[in-house]
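**Q** Contents of query_33.txt (compact mmCIF, C-alpha atoms):
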```
# COMPACT_ATOMS: atom_id res chain seq x y z
CA MET A 1 -8.62 -10.45 15.33
CA SER A 2 -8.22 -8.58 12.04
CA ARG A 3 -8.27 -4.82 11.82
CA ILE A 4 -8.24 -2.78 8.62
CA ARG A 5 -6.88 0.76 8.73
CA GLU A 6 -5.37 3.39 6.47
CA ALA A 7 -1.71 2.74 5.70
CA THR A 8 0.96 5.09 7.00
CA PRO A 9 4.55 5.63 5.83
CA GLU A 10 5.64 3.61 8.86
CA ASP A 11 4.09 0.52 7.24
CA ALA A 12 6.54 0.67 4.33
CA ALA A 13 9.03 -1.94 5.58
CA ARG A 14 6.33 -4.52 6.24
CA VAL A 15 4.50 -3.77 2.96
CA ALA A 16 7.79 -4.20 1.05
CA GLU A 17 8.39 -7.48 2.90
CA ILE A 18 4.93 -8.80 1.90
CA TYR A 19 5.36 -7.72 -1.71
CA ARG A 20 8.91 -9.09 -2.24
CA PRO A 21 7.94 -12.77 -2.79
CA TYR A 22 5.28 -11.76 -5.33
CA VAL A 23 7.93 -9.90 -7.35
CA GLU A 24 10.66 -12.52 -7.03
CA ASN A 25 8.67 -15.76 -7.28
CA THR A 26 5.42 -15.15 -9.14
CA ALA A 27 4.02 -13.58 -12.27
CA VAL A 28 1.20 -11.97 -10.25
CA THR A 29 2.98 -8.63 -10.69
CA PHE A 30 4.99 -7.64 -13.73
CA GLU A 31 7.42 -5.77 -11.51
CA THR A 32 10.80 -7.56 -11.64
CA VAL A 33 12.84 -5.78 -8.95
CA PRO A 34 11.33 -5.67 -5.45
CA PRO A 35 11.00 -2.11 -4.15
CA ASP A 36 12.87 -1.41 -0.94
CA GLU A 37 11.43 0.26 2.15
CA ALA A 38 12.24 3.79 0.92
CA GLU A 39 10.55 3.21 -2.44
CA MET A 40 7.51 1.65 -0.79
CA ARG A 41 7.29 4.57 1.64
CA SER A 42 7.30 6.97 -1.30
CA ARG A 43 4.58 4.96 -3.05
CA ILE A 44 2.37 4.93 0.04
CA VAL A 45 2.76 8.69 0.55
CA GLU A 46 1.98 9.42 -3.13
CA HIS A 47 -1.06 7.13 -3.24
CA LEU A 48 -2.54 8.58 -0.08
CA LYS A 49 -2.65 12.03 -1.70
CA ALA A 50 -5.53 10.92 -3.93
CA TYR A 51 -6.47 7.29 -3.23
CA PRO A 52 -7.19 4.94 -0.36
CA TYR A 53 -4.35 2.65 0.74
CA LEU A 54 -5.27 0.14 3.44
CA VAL A 55 -3.47 -2.41 5.57
CA MET A 56 -4.84 -5.35 7.51
CA GLU A 57 -3.37 -6.08 10.92
CA GLU A 58 -3.61 -9.20 13.03
CA ASP A 59 -2.30 -8.94 16.57
CA GLY A 60 -0.73 -5.60 15.68
CA ARG A 61 1.23 -6.95 12.68
CA VAL A 62 0.47 -5.95 9.07
CA VAL A 63 -0.50 -9.13 7.18
CA GLY A 64 -1.79 -7.63 3.93
CA TYR A 65 -2.55 -4.47 2.06
CA ALA A 66 -4.77 -3.12 -0.71
CA TYR A 67 -4.85 0.15 -2.54
CA ALA A 68 -6.41 2.02 -5.42
CA GLY A 69 -4.44 3.97 -7.96
CA ALA A 70 -4.74 5.59 -11.34
CA PHE A 71 -6.05 3.24 -14.02
CA HIS A 72 -4.32 5.37 -16.66
CA GLU A 73 -2.65 8.75 -16.36
CA ARG A 74 -4.73 10.78 -18.83
CA ARG A 75 -7.23 13.10 -17.17
CA ALA A 76 -10.36 11.56 -18.73
CA TYR A 77 -9.54 8.29 -16.90
CA ARG A 78 -9.55 10.01 -13.50
CA PRO A 79 -12.94 8.55 -12.37
CA THR A 80 -11.57 5.03 -12.91
CA VAL A 81 -9.21 3.38 -10.43
CA GLU A 82 -7.16 0.20 -10.53
CA LEU A 83 -7.09 -2.00 -7.43
CA SER A 84 -4.26 -4.09 -6.03
CA VAL A 85 -4.23 -6.46 -3.06
CA TYR A 86 -1.40 -8.51 -1.56
CA MET A 87 -1.39 -10.79 1.46
CA ASP A 88 1.45 -12.27 3.47
CA GLU A 89 1.81 -15.86 2.30
CA ALA A 90 1.00 -17.22 5.76
CA PHE A 91 -2.30 -15.30 5.83
CA ARG A 92 -3.72 -16.12 2.40
CA GLY A 93 -7.12 -17.74 2.24
CA ALA A 94 -9.89 -17.40 4.79
CA GLY A 95 -11.24 -14.30 3.00
CA ARG A 96 -8.73 -11.75 4.29
CA GLY A 97 -7.90 -10.34 0.85
CA GLU A 98 -11.60 -10.16 0.06
CA ALA A 99 -12.23 -8.27 3.31
CA LEU A 100 -9.53 -5.76 2.38
CA VAL A 101 -10.99 -5.25 -1.09
CA ARG A 102 -14.53 -4.89 0.33
CA GLU A 103 -13.34 -2.10 2.62
CA LEU A 104 -11.44 -0.47 -0.23
CA LEU A 105 -14.55 -0.61 -2.44
CA SER A 106 -16.66 0.87 0.36
CA ARG A 107 -14.35 3.87 0.58
CA LEU A 108 -14.22 4.29 -3.19
CA LYS A 109 -18.02 4.15 -3.48
CA ALA A 110 -18.32 6.92 -0.89
CA ASP A 111 -15.87 9.17 -2.75
CA PRO A 112 -17.48 11.41 -5.45
CA ARG A 113 -14.33 11.24 -7.59
CA TYR A 114 -14.52 7.53 -8.44
CA PHE A 115 -17.09 5.76 -10.62
CA THR A 116 -15.37 2.61 -11.89
CA ALA A 117 -12.93 0.12 -10.38
CA MET A 118 -10.67 -2.09 -12.46
CA ALA A 119 -8.65 -5.13 -11.46
CA VAL A 120 -5.91 -6.27 -13.81
CA VAL A 121 -5.23 -9.94 -13.06
CA VAL A 122 -2.37 -11.97 -14.50
CA HIS A 123 -3.84 -15.19 -15.88
CA PRO A 124 -4.07 -17.81 -14.62
CA ASN A 125 -4.74 -16.68 -11.07
CA PRO A 126 -7.90 -18.57 -10.05
CA CYS A 127 -7.99 -17.23 -6.47
CA SER A 128 -7.95 -13.58 -7.56
CA GLU A 129 -10.29 -14.25 -10.47
CA ARG A 130 -12.85 -15.92 -8.16
CA MET A 131 -12.51 -13.18 -5.55
CA PHE A 132 -13.13 -10.33 -7.99
CA GLU A 133 -16.05 -12.17 -9.59
CA LYS A 134 -17.54 -12.83 -6.14
CA LEU A 135 -17.27 -9.10 -5.42
CA GLY A 136 -19.30 -8.33 -8.55
CA PHE A 137 -16.51 -7.55 -11.01
CA GLU A 138 -17.09 -8.58 -14.61
CA ALA A 139 -14.36 -9.86 -16.91
CA VAL A 140 -14.27 -7.28 -19.71
CA GLY A 141 -10.96 -7.74 -21.49
CA ARG A 142 -8.16 -10.14 -22.16
CA TYR A 143 -4.65 -9.39 -23.36
CA GLU A 144 -2.78 -12.50 -24.44
CA ASN A 145 0.97 -12.82 -23.99
CA VAL A 146 1.63 -9.18 -23.09
CA GLY A 147 4.26 -9.75 -20.38
CA TRP A 148 7.37 -11.90 -20.16
CA LYS A 149 8.20 -13.04 -16.64
CA LEU A 150 9.85 -16.09 -15.10
CA GLY A 151 10.70 -17.48 -18.52
CA ALA A 152 7.19 -17.45 -19.98
CA TRP A 153 4.68 -15.23 -21.72
CA ARG A 154 1.93 -13.95 -19.43
CA SER A 155 -1.60 -12.82 -20.19
CA VAL A 156 -3.75 -10.40 -18.21
CA TYR A 157 -7.50 -10.14 -17.76
CA ASP A 158 -9.32 -6.92 -16.98
CA TYR A 159 -12.19 -6.98 -14.47
CA LEU A 160 -14.56 -4.03 -14.08
CA LEU A 161 -16.97 -2.95 -11.35
CA ARG A 162 -19.23 0.11 -11.49
CA LEU A 163 -18.93 1.96 -8.19
CA LYS A 164 -21.84 4.29 -8.97
CA PRO A 165 -24.71 4.22 -11.44
CA GLU A 166 -23.86 5.19 -14.98
CA GLY A 167 -24.78 8.69 -16.00
CA GLY A 168 -23.49 10.51 -12.95
CA THR A 169 -20.99 13.33 -13.11
CA PRO A 170 -17.65 12.73 -11.40
CA ASP A 171 -15.79 15.32 -9.37
CA MET A 172 -12.79 15.89 -11.65
CA ASN A 173 -10.90 18.13 -9.21
```
Would you write the structure of this file as structure tokens?

**A**
Amino acid sequence: MSRIREATPEDAARVAEIYRPYVENTAVTFETVPPDEAEMRSRIVEHLKAYPYLVMEEDGRVVGYAYAGAFHERRAYRPTVELSVYMDEAFRGAGRGEALVRELLSRLKADPRYFTAMAVVVHPNPCSERMFEKLGFEAVGRYENVGWKLGAWRSVYDYLLRLKPEGGTPDMN
């Protein structure tokens, strides 16, 4: 049985373990050195100050995680968040990542600070592209050959989802 909950610093070792193969073996992330437990703990603590960071457990073991973070650092971007989701290789498929993102979106929609969610997807990544489209995200941008990883140029696609109707006023505090 899956359970989604807020991450804690104690999840750092497992989150780092899940993320490591993505960094070392795929172009899904442009990070090239896997963060260790201490770095991941620091990231979790920092994200939780302003954004949701969730983990999915099965039988008490973390099998995936998703979080929102700053889309860009400048203040005017504050109502826009960027999403990330990573699953343990053995638990991919069966809609687990989608369930994590749905819960993340639910929390973001309820928060008066956030109006727009972005997903930046390295292309090609058909599973992530289908998932974000299924969740209502729209492909809004494409950057060709902007990253070099694993001996090849990589492109990224931007996906956008409005969390609230346009025209509202965000809480910028």

**Q** Please identify all polymer residues within 9 Å of A:Glu144, counting all atoms listed in the file, omitting same-chain residues fewer than 4 positions from it, and present them as an MDAnalysis selection string.

**A** chainID A and resid 153:157

**Q** Taking all atoms listed in the file into account, produce a table as CSV in which each residue of stretch 3-85 of chain A with an atom at most 10 Å from an atom of stretch 122-141 of chain A appears once, together with its shortest atom pair and the distance in Å to one decimal, ordered by chain and rising number.

**A**
```
residue,atom,partner,partner_atom,distance
A:Thr26,CA,A:Val122,CA,10.0
A:Ala27,CA,A:Val122,CA,7.0
A:Val28,CA,A:Val122,CA,5.6
A:Thr29,CA,A:Val122,CA,7.4
A:Phe30,CA,A:Val122,CA,8.6
A:Val85,CA,A:Ser128,CA,9.2
```

**Q** Which of these, A:Glu103, A:Asp88, A:Glu82, A:Glu98, has the shortest distance to A:Thr116 once you count only C-alpha atoms?

**A**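 Looking only at the distances to A:Thr116, the closest residue turns out to be A:Glu82.
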
**Q** Taking into account only C-alpha atoms, which residue in the set A:Gly147, A:Gly64, A:Gly95, A:Gly168 is nearest to A:Arg113?

**A**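 For A:Arg113, the nearest of the candidates is A:Gly168.
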
**Q** Just the number, please: distance in Å from atom CA of A:Arg107 to atom CA of A:Val15, one decimal.

**A**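 Distance reported for this atom pair: 20.5 Å.
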
**Q** Tell me, as a list of chain:residue names, which residues lie within 8 Å of A:Asp171, counting only C-alpha atoms; anything in the same chain fewer than 5 positions away does not count.

**A**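 Neighbouring residues, sequence-local ones excluded: A:Pro79, A:Pro112, A:Arg113, A:Tyr114.
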
**Q** What is the distance, in Å and to one decimal place, between atom CA of A:Lys164 and atom CA of A:Arg92?

**A**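 Taking atom CA of A:Lys164 as the start and atom CA of A:Arg92 as the end point, the length is 29.6 Å.
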
**Q** I need the residue nearest A:Arg20 from this list: A:Lys49, A:Glu89, A:Arg41, A:Ala7. Use all atoms listed in the file for the distance.

**A** A:Glu89

**Q** Just want the 7 Å neighbourhood of stretch 54-63 of chain A, counted on only C-alpha atoms, with same-chain residues fewer than 3 positions away dropped. Output as a VMD selection string.

**A** chain A and resid 1 to 7 14 66 to 67 87 to 88 91 100
